[in-house]
Structures are given as C-alpha cells and as structure tokens.
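Trainee: Pasting target-v8.cif below, which is mmCIF, C-alpha atoms and all ligand atoms.
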data_coords
#
loop_
_atom_site.label_atom_id
_atom_site.label_comp_id
_atom_site.auth_asym_id
_atom_site.auth_seq_id
_atom_site.Cartn_x
_atom_site.Cartn_y
_atom_site.Cartn_z
CA MET A 1 -1.54 -13.23 -83.21
CA LYS A 2 -4.21 -10.66 -82.47
CA ASN A 3 -4.34 -6.92 -83.01
CA VAL A 4 -4.10 -5.21 -79.64
CA ILE A 5 -6.27 -2.36 -78.39
CA PHE A 6 -5.15 -0.96 -75.05
CA ILE A 7 -7.52 0.59 -72.52
CA ALA A 8 -5.77 1.96 -69.46
CA PRO A 9 -5.49 4.81 -67.02
CA PRO A 10 -2.82 7.35 -68.01
CA ALA A 11 0.77 6.23 -67.44
CA ALA A 12 -0.18 2.58 -66.85
CA GLY A 13 2.52 1.38 -69.25
CA LYS A 14 0.82 1.09 -72.65
CA GLY A 15 3.84 2.55 -74.40
CA THR A 16 6.36 0.29 -72.66
CA ILE A 17 4.38 -2.86 -73.44
CA SER A 18 3.91 -1.65 -77.02
CA ASP A 19 7.70 -1.22 -77.40
CA TYR A 20 8.17 -4.77 -76.18
CA LEU A 21 5.65 -6.12 -78.73
CA VAL A 22 7.19 -4.12 -81.58
CA LYS A 23 10.72 -5.27 -80.73
CA ASN A 24 9.83 -8.94 -80.33
CA PHE A 25 6.99 -9.50 -82.80
CA ASN A 26 5.67 -8.12 -86.03
CA TYR A 27 3.55 -5.36 -84.51
CA VAL A 28 3.07 -1.86 -85.90
CA HIS A 29 2.42 0.63 -83.09
CA LEU A 30 -0.02 3.53 -83.32
CA SER A 31 0.15 5.83 -80.29
CA THR A 32 -2.37 8.65 -80.48
CA GLY A 33 -0.44 10.52 -77.76
CA ASP A 34 2.76 10.39 -79.87
CA MET A 35 0.81 11.39 -82.96
CA LEU A 36 -0.65 14.43 -81.19
CA ARG A 37 2.69 15.39 -79.62
CA SER A 38 4.35 15.35 -83.04
CA GLU A 39 1.65 17.72 -84.32
CA VAL A 40 2.41 19.96 -81.32
CA ALA A 41 6.16 19.78 -82.09
CA SER A 42 5.50 20.85 -85.69
CA GLY A 43 4.39 24.23 -84.34
CA SER A 44 1.24 24.27 -86.52
CA LEU A 45 -1.90 26.12 -85.52
CA LEU A 46 -3.63 22.78 -84.93
CA GLY A 47 -0.60 21.75 -82.81
CA LYS A 48 -1.07 24.82 -80.62
CA GLU A 49 -4.74 23.99 -80.05
CA ILE A 50 -3.85 20.38 -79.20
CA ASP A 51 -1.10 21.53 -76.82
CA ALA A 52 -3.54 23.69 -74.86
CA LEU A 53 -5.82 20.68 -74.31
CA ILE A 54 -3.11 18.12 -73.49
CA SER A 55 -1.38 20.47 -71.05
CA LYS A 56 -4.52 20.88 -68.98
CA GLY A 57 -5.26 17.14 -68.90
CA SER A 58 -8.23 17.23 -71.30
CA LEU A 59 -8.91 15.11 -74.36
CA VAL A 60 -8.85 16.41 -77.92
CA SER A 61 -12.19 16.21 -79.72
CA ASP A 62 -13.58 12.86 -80.86
CA GLU A 63 -13.99 14.32 -84.32
CA LEU A 64 -10.30 15.20 -84.70
CA ILE A 65 -8.86 12.01 -83.24
CA ILE A 66 -11.24 9.79 -85.24
CA LYS A 67 -10.20 11.54 -88.44
CA LEU A 68 -6.50 11.03 -87.65
CA VAL A 69 -6.86 7.40 -86.59
CA GLU A 70 -9.15 6.49 -89.48
CA SER A 71 -6.62 7.68 -92.00
CA LYS A 72 -3.74 5.79 -90.29
CA LEU A 73 -5.82 2.62 -89.96
CA LYS A 74 -6.87 2.58 -93.57
CA ASN A 75 -3.58 3.70 -95.09
CA GLU A 76 -0.82 2.39 -92.83
CA LEU A 77 -2.15 -0.35 -90.57
CA PHE A 78 -4.48 -2.23 -92.88
CA GLY A 79 -3.18 -5.76 -93.52
CA LYS A 80 -0.65 -5.48 -90.69
CA LEU A 81 -0.63 -6.69 -87.12
CA PHE A 82 -1.22 -3.54 -85.08
CA ILE A 83 -1.40 -2.02 -81.61
CA LEU A 84 -3.76 0.86 -80.85
CA ASP A 85 -2.30 2.72 -77.88
CA GLY A 86 -4.50 5.57 -76.66
CA PHE A 87 -7.52 4.98 -78.88
CA PRO A 88 -10.38 4.58 -78.16
CA ARG A 89 -10.62 6.88 -75.15
CA THR A 90 -14.35 7.62 -75.20
CA LEU A 91 -17.49 5.62 -75.98
CA PRO A 92 -18.10 7.38 -79.33
CA GLN A 93 -14.49 6.56 -80.30
CA ALA A 94 -15.03 2.89 -79.37
CA GLU A 95 -18.23 2.73 -81.43
CA LYS A 96 -16.54 4.35 -84.40
CA LEU A 97 -13.56 1.99 -84.11
CA ASP A 98 -15.90 -1.00 -84.25
CA GLU A 99 -17.46 0.42 -87.38
CA MET A 100 -14.05 0.99 -89.00
CA LEU A 101 -12.73 -2.47 -88.13
CA ILE A 102 -15.90 -4.17 -89.40
CA SER A 103 -15.78 -2.22 -92.65
CA MET A 104 -12.13 -3.26 -93.08
CA GLY A 105 -12.93 -6.91 -92.24
CA VAL A 106 -10.50 -6.85 -89.30
CA THR A 107 -11.88 -9.24 -86.70
CA ASN A 108 -8.91 -10.77 -84.90
CA ASN A 109 -8.62 -8.24 -82.08
CA VAL A 110 -8.19 -8.26 -78.32
CA VAL A 111 -8.85 -5.36 -75.98
CA ILE A 112 -6.41 -5.35 -73.08
CA TYR A 113 -7.21 -3.40 -69.93
CA LEU A 114 -4.11 -2.55 -67.91
CA ASP A 115 -4.99 -2.62 -64.24
CA VAL A 116 -3.00 -0.22 -62.07
CA THR A 117 -3.76 1.77 -58.91
CA LEU A 118 -3.95 5.57 -58.93
CA GLU A 119 -0.95 5.74 -56.60
CA GLU A 120 1.22 3.60 -58.88
CA ALA A 121 0.10 5.40 -62.07
CA THR A 122 0.94 8.75 -60.43
CA LYS A 123 4.47 7.52 -59.66
CA ARG A 124 4.87 6.26 -63.23
CA ALA A 125 3.78 9.62 -64.65
CA VAL A 126 5.74 11.89 -62.34
CA GLY A 127 8.95 9.84 -62.71
CA ARG A 128 8.61 9.42 -66.48
CA ILE A 129 11.18 10.84 -68.91
CA VAL A 130 10.88 10.22 -72.65
CA CYS A 131 13.10 10.23 -75.69
CA PRO A 132 12.03 13.05 -78.04
CA LYS A 133 13.37 11.04 -80.99
CA CYS A 134 11.98 7.49 -80.56
CA SER A 135 9.39 8.15 -77.79
CA ARG A 136 10.79 5.37 -75.60
CA SER A 137 9.93 6.09 -72.01
CA TYR A 138 12.02 5.59 -68.88
CA ASN A 139 11.32 6.14 -65.21
CA VAL A 140 13.66 7.70 -62.68
CA TYR A 141 11.94 5.91 -59.77
CA TYR A 142 12.55 2.35 -61.03
CA LYS A 143 15.96 0.79 -61.58
CA GLU A 144 14.70 -1.59 -64.29
CA ALA A 145 13.16 1.36 -66.18
CA SER A 146 16.12 3.75 -65.85
CA PRO A 147 18.39 4.58 -68.79
CA LEU A 148 21.93 3.14 -68.72
CA ILE A 149 23.38 6.66 -68.70
CA GLU A 150 21.39 9.13 -66.62
CA GLY A 151 19.18 11.39 -68.76
CA ILE A 152 20.19 9.77 -72.10
CA CYS A 153 18.16 7.44 -74.34
CA ASP A 154 19.79 3.96 -74.55
CA ASP A 155 18.70 3.60 -78.19
CA CYS A 156 19.21 7.10 -79.64
CA GLY A 157 21.82 8.70 -77.38
CA VAL A 158 19.79 11.92 -77.15
CA ALA A 159 18.78 13.79 -73.99
CA LEU A 160 15.56 12.58 -72.36
CA GLU A 161 12.76 15.05 -71.67
CA LYS A 162 9.81 15.38 -69.33
CA ARG A 163 6.33 15.59 -70.86
CA SER A 164 4.47 18.80 -70.05
CA ASP A 165 1.46 16.79 -68.82
CA ASP A 166 3.45 14.57 -66.45
CA THR A 167 3.29 16.91 -63.44
CA GLU A 168 1.41 15.72 -60.37
CA GLU A 169 -1.26 18.40 -60.81
CA THR A 170 -1.99 17.69 -64.49
CA PHE A 171 -1.86 13.98 -63.83
CA LYS A 172 -4.74 14.31 -61.34
CA LYS A 173 -6.83 15.95 -64.06
CA ARG A 174 -5.86 13.32 -66.63
CA TYR A 175 -6.86 10.59 -64.21
CA GLN A 176 -10.23 12.25 -63.61
CA THR A 177 -10.71 12.57 -67.38
CA TYR A 178 -9.94 8.85 -67.61
CA LEU A 179 -12.56 8.00 -64.95
CA ASP A 180 -15.19 10.21 -66.60
CA SER A 181 -14.61 9.48 -70.29
CA THR A 182 -12.53 6.34 -70.76
CA SER A 183 -13.48 3.92 -67.99
CA PRO A 184 -17.05 3.39 -69.40
CA ILE A 185 -15.40 1.63 -72.36
CA ILE A 186 -14.31 -1.19 -70.06
CA ASN A 187 -17.91 -2.38 -69.70
CA TYR A 188 -18.58 -1.81 -73.39
CA TYR A 189 -15.85 -4.31 -74.32
CA LYS A 190 -16.65 -6.65 -71.41
CA GLN A 191 -20.14 -7.04 -72.81
CA LYS A 192 -18.69 -7.86 -76.21
CA GLY A 193 -16.58 -10.58 -74.57
CA ILE A 194 -13.24 -9.39 -75.92
CA LEU A 195 -11.78 -7.72 -72.83
CA GLU A 196 -8.73 -9.15 -71.08
CA SER A 197 -7.54 -7.60 -67.85
CA ILE A 198 -3.89 -7.63 -66.85
CA ASN A 199 -2.43 -6.51 -63.55
CA VAL A 200 0.57 -4.39 -64.51
CA MET A 201 1.87 -3.84 -60.99
CA ARG A 202 4.36 -6.68 -61.37
CA THR A 203 7.76 -7.13 -63.04
CA GLN A 204 8.03 -6.51 -66.79
CA ASN A 205 8.68 -10.25 -67.33
CA GLU A 206 5.54 -11.27 -65.51
CA VAL A 207 3.45 -8.73 -67.42
CA ALA A 208 4.99 -9.83 -70.73
CA LYS A 209 4.05 -13.45 -70.01
CA ASP A 210 0.40 -12.49 -69.46
CA ILE A 211 0.35 -10.29 -72.54
CA LEU A 212 1.66 -13.15 -74.66
CA SER A 213 -1.03 -15.48 -73.42
CA VAL A 214 -3.79 -13.10 -74.51
CA ILE A 215 -2.39 -12.02 -77.87
CA ASN A 216 -1.73 -15.53 -79.13
CA ASP A 217 -4.74 -16.75 -81.06
CA GLU A 218 -5.94 -20.31 -80.67
CA ASN A 219 -3.93 -21.75 -83.56
CA VAL A 220 -0.71 -20.44 -82.13
CA SER A 221 -1.40 -21.72 -78.64
CA VAL A 222 -2.34 -25.16 -80.02
CA LYS A 223 0.95 -25.24 -81.95
CA ARG A 224 2.81 -24.16 -78.83
CA ARG A 225 1.19 -26.80 -76.71
CA LYS A 226 2.08 -29.51 -79.21
CA SER A 227 5.70 -28.48 -79.36
CA ASP A 228 6.05 -28.09 -75.57
P1 LIG A 301 -0.92 8.58 -71.32
O1 LIG A 301 -1.17 7.17 -71.66
O2 LIG A 301 0.31 8.80 -70.56
O3 LIG A 301 -2.11 9.23 -70.71
P2 LIG A 301 -0.95 9.46 -74.11
O4 LIG A 301 0.39 9.70 -74.66
O5 LIG A 301 -1.69 8.24 -74.57
O6 LIG A 301 -0.74 9.50 -72.56
O7 LIG A 301 -1.92 10.72 -74.40
C1 LIG A 301 -1.53 12.01 -74.04
C2 LIG A 301 -2.69 12.98 -74.22
O8 LIG A 301 -3.07 13.04 -75.60
C3 LIG A 301 -3.98 12.63 -73.50
O9 LIG A 301 -3.98 13.02 -72.14
C4 LIG A 301 -5.01 13.42 -74.34
O10 LIG A 301 -4.97 14.79 -74.05
C5 LIG A 301 -4.48 13.24 -75.76
N1 LIG A 301 -5.07 12.04 -76.42
C6 LIG A 301 -4.41 10.88 -76.72
N2 LIG A 301 -5.24 9.99 -77.27
C7 LIG A 301 -6.46 10.58 -77.34
C8 LIG A 301 -7.76 10.16 -77.78
N3 LIG A 301 -7.97 8.93 -78.28
N4 LIG A 301 -8.78 11.05 -77.67
C9 LIG A 301 -8.59 12.28 -77.17
N5 LIG A 301 -7.41 12.73 -76.72
C10 LIG A 301 -6.35 11.91 -76.78
#
Mind turning this structure into structure tokens?
Mentor:
Amino acid sequence: MKNVIFIAPPAAGKGTISDYLVKNFNYVHLSTGDMLRSEVASGSLLGKEIDALISKGSLVSDELIIKLVESKLKNELFGKLFILDGFPRTLPQAEKLDEMLISMGVTNNVVIYLDVTLEEATKRAVGRIVCPKCSRSYNVYYKEASPLIEGICDDCGVALEKRSDDTEETFKKRYQTYLDSTSPIINYYKQKGILESINVMRTQNEVAKDILSVINDENVSVKRRKSD
C-alpha cells in the first residue's frame, strides 16, 4: 500500500478518512492540525502564538511546521506506512516534503485531493464536534456522522467539543487561505503525475471504495484480481 498525502479544502474529511485507514489498515496518522492543537492545549508560549493564528484562519509559518513535521517523519514515521493530513499546505512545504522523502528513500506515495464544494465544506465545519481525547470528529448535521449518545465520543466516552476555528466566519477565512496558499499545490502534484482526485460528497462507503483503489499499489491489485 502507498503512503497517503492529503490535499483538501478545510473540513473536507481528511481526518475521518484517516481514522478509517488507521482502523482498517496498518497506517500511522500524522495530523498537523492535531499536533498544533496539542501544543495550544499545553499552554506553552509557542501554543499561544499558534492559537492566535489558527483562531483567525491563518497558517502557522512554513519554518515552524516544516521543523515539526521533519522531526516526526524522521523519528516516528520512517519505515512505517503513513498518512500526512494537513501537510503540505503551501508550495514551499510541498517542495521541502519532496526533499525529505527523497532523502529518506520513501517513494511509494500517493497524493489524494479531496474534492468538495465550499457549501458542503462549510456545513462540515460548522456542524463538526470533536473528541478532545482521541480527536475523532463527528457532525451534528449528518446522521451517519453523529455520535451514538448526543455530545459524547463513542470511543472515549468524553464530552465532545467545538473547535475554535469552526465558526462560519473563521471558516470563510480558512477557505480563502486554502485558495491562496494550498490550492496551487494541486497543479504541482498533477505535473508530477501522482495526484488522485476523489469526490467526497458521497457516502462514506463510496468514498472508502475509491480511496482503497488509489492506495493499493500494483502488486496488491494484481493479487486481488487473481483471487477475485
Ligand atoms: P482543517 O482540515 O479542518 O482545516 P486542520 O486540523 O488540518 O484543519 O488544521 C487546523 C489549522 O492548523 C489550520 O487552519 C492552520 O491554521 C494550522 N495548520 C495545520 N497544518 C498546517 C500547515 N501544514 N501549515 C500551516 N498551518 C497549518
């Protein structure tokens, strides 16, 4: 199977698909958003600076996020099957990621672009509630994404919370930041021939089927075809 790098507008569903891959396959999940939020939760000075940026819908600096991701990649993800959720988010981050992966000899990667309309992404953000313990996200607007008991995480039993950047107003800014800084990466990866686009405005089962078809490398699909 291939390492997965997600490129998507905010609240497209990167986290939900990542949870599915972690639960069903051998993936290790690195979410830069979760990483930054845990720094914020620690109450450190750096956390306070990060909080100010996240809360107004801006990105943290390339320098900081590259430093954090580089250390995780080299120390925790190397040799494992991994998902990068939230990185890269700018062209300099994408270029640096290429450099890191090449230097680590990691070549079996797929970049998956999650295709979602602004209207749908807004609904996913505004209705989102997350578990502060395991980061699993739910959505109050969708039955299939609602917790079994209202306001409580199915897995941890703790009270779900709303992210400070999931208000309609901040979401608009995050989406604009995505258009300005992140969307140019789509062409960057298209030109490299490793971009797969998946329409995520369908049921979770349908999306999962498409994801599986792009993460399976050729050997696996050949094996599958033979055993069909
Ligand atoms: P979502 O997918 O819902 O937009 P994330 O949890 O991935 O949210 O990210 C939350 C916020 O964390 C972003 O809006 C941004 O402020 C910051 N962030 C996450 N990843 C990066 C990154 N690679 N570069 C800069 N900032 C980032």
Trainee: Enumerate as a VMD selection string the residues within 8 Å of ligand LIG 301 (chain A), counting all atoms listed in the file.
Mentor: chain A and resid 8 to 15 31 to 34 36 to 37 50 53 to 62 65 to 66 85 to 90 93 125 165 to 166 174
Trainee: Take CA of Phe25 in chain A and CA of Met1 in chain A and report the distance between them in Å, one decimal.
Mentor: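 CA of Met1 in chain A lies at a distance of 9.3 Å from CA of Phe25 in chain A.
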Trainee: Report, in Å to a single decimal, how far apart CA of Ile5 in chain A and CA of Glu99 in chain A are.
Mentor: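 Between CA of Glu99 in chain A and CA of Ile5 in chain A the gap works out to 14.6 Å.
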Trainee: Work out where the centre of an axis-aligned box around every listed atom of range 99-110 of chain A lies and how long its edges are once 8 Å is added on each side; give both in Å to one decimal as AutoDock Vina command-line options.
Mentor:
--center_x -12.8 --center_y -4.9 --center_z -85.7 --size_x 25.3 --size_y 27.8 --size_z 30.8
Trainee: Please determine, counting all atoms listed in the file, which residue among A:Val158, A:Leu21, A:Ala41, A:Ala145 has the shortest atom-to-atom distance to Leu84 in chain A.
Mentor: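 Nearest candidate to Leu84 in chain A out of A:Val158, A:Leu21, A:Ala41, A:Ala145: A:Leu21.
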Trainee: Quick one, how far is CA of Leu212 in chain A from CA of Ile7 in chain A?
Mentor: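 CA of Leu212 in chain A sits 16.7 Å away from CA of Ile7 in chain A.
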Trainee: Check the smallest atom-to-atom distance from each of A:Val111, A:Val22, A:Ser103, A:Glu39 to Leu195 in chain A using all atoms listed in the file, then report the winner.
Mentor: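 Looking only at the distances to Leu195 in chain A, the closest residue turns out to be A:Val111.
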Trainee: Considering only C-alpha atoms, return as a PyMOL selection string whatever protein or nucleic-acid residues lie within 8 Å of range 150-152 of chain A, sequence-local ones (same chain, fewer than 5 positions apart) excluded.
Mentor: chain A and resi 131+157-161
Trainee: From the list A:Thr117, A:Tyr189, A:Ser181, A:Val214, which residue is nearest Leu97 in chain A when using all atoms listed in the file?
Mentor: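 Closest candidate: A:Tyr189.
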Trainee: Check the smallest atom-to-atom distance from each of A:Ile83, A:Cys156, A:Ile149, A:Val28 to Ile112 in chain A using all atoms listed in the file, then report the winner.
Mentor: A:Ile83
Trainee: Looking at all atoms listed in the file, which of A:Asp115, A:Val207, A:Ile102, A:Lys2 is the one that sits closest to Tyr20 in chain A?
Mentor: A:Val207
Trainee: Have a look at A:Ala121, A:Asn216, A:Val4, A:Glu76 and name the one nearest to Tyr178 in chain A; count all atoms listed in the file.
Mentor: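 Closest to Tyr178 in chain A, using all atoms listed in the file: A:Ala121.
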Trainee: Hey, what's within 7 Å of Lys162 in chain A if we count only C-alpha atoms and toss same-chain stuff fewer than 2 positions away? As an MDAnalysis selection string, please?
Mentor: chainID A and resid 128:130 164
Trainee: As a compact mmCIF listing (two decimals), in the frame of the given file, please: range 60-74 of chain A completed to N, CA, C and O atoms.
Mentor:
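Once everything was written out, this is rebuild17.txt:
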# COMPACT_ATOMS: atom_id res chain seq x y z
N VAL A 60 -8.52 15.68 -76.69
CA VAL A 60 -8.85 16.41 -77.92
C VAL A 60 -10.21 15.90 -78.39
O VAL A 60 -10.71 14.89 -77.90
N SER A 61 -10.82 16.58 -79.34
CA SER A 61 -12.19 16.21 -79.72
C SER A 61 -12.24 14.83 -80.39
O SER A 61 -11.29 14.42 -81.07
N ASP A 62 -13.38 14.16 -80.20
CA ASP A 62 -13.58 12.86 -80.86
C ASP A 62 -13.43 13.02 -82.37
O ASP A 62 -12.82 12.18 -83.04
N GLU A 63 -13.99 14.10 -82.88
CA GLU A 63 -13.99 14.32 -84.32
C GLU A 63 -12.56 14.33 -84.89
O GLU A 63 -12.26 13.65 -85.87
N LEU A 64 -11.68 15.08 -84.22
CA LEU A 64 -10.30 15.20 -84.70
C LEU A 64 -9.57 13.86 -84.60
O LEU A 64 -8.96 13.39 -85.57
N ILE A 65 -9.66 13.22 -83.43
CA ILE A 65 -8.86 12.01 -83.24
C ILE A 65 -9.36 10.88 -84.15
O ILE A 65 -8.59 10.11 -84.70
N ILE A 66 -10.69 10.83 -84.36
CA ILE A 66 -11.24 9.79 -85.24
C ILE A 66 -10.73 10.00 -86.66
O ILE A 66 -10.34 9.04 -87.34
N LYS A 67 -10.69 11.24 -87.09
CA LYS A 67 -10.20 11.54 -88.44
C LYS A 67 -8.74 11.08 -88.60
O LYS A 67 -8.37 10.43 -89.58
N LEU A 68 -7.92 11.40 -87.58
CA LEU A 68 -6.50 11.03 -87.65
C LEU A 68 -6.31 9.51 -87.64
O LEU A 68 -5.56 8.95 -88.43
N VAL A 69 -7.03 8.85 -86.73
CA VAL A 69 -6.86 7.40 -86.59
C VAL A 69 -7.41 6.68 -87.83
O VAL A 69 -6.81 5.72 -88.33
N GLU A 70 -8.54 7.14 -88.31
CA GLU A 70 -9.15 6.49 -89.48
C GLU A 70 -8.19 6.48 -90.66
O GLU A 70 -7.99 5.46 -91.32
N SER A 71 -7.54 7.61 -90.88
CA SER A 71 -6.62 7.68 -92.00
C SER A 71 -5.42 6.74 -91.80
O SER A 71 -5.00 6.04 -92.71
N LYS A 72 -4.87 6.70 -90.58
CA LYS A 72 -3.74 5.79 -90.29
C LYS A 72 -4.16 4.33 -90.46
O LYS A 72 -3.45 3.52 -91.04
N LEU A 73 -5.35 4.01 -89.91
CA LEU A 73 -5.82 2.62 -89.96
C LEU A 73 -5.96 2.15 -91.40
O LEU A 73 -5.49 1.08 -91.77
N LYS A 74 -6.59 3.00 -92.20
CA LYS A 74 -6.87 2.58 -93.57
C LYS A 74 -5.62 2.60 -94.45
O LYS A 74 -5.46 1.76 -95.33
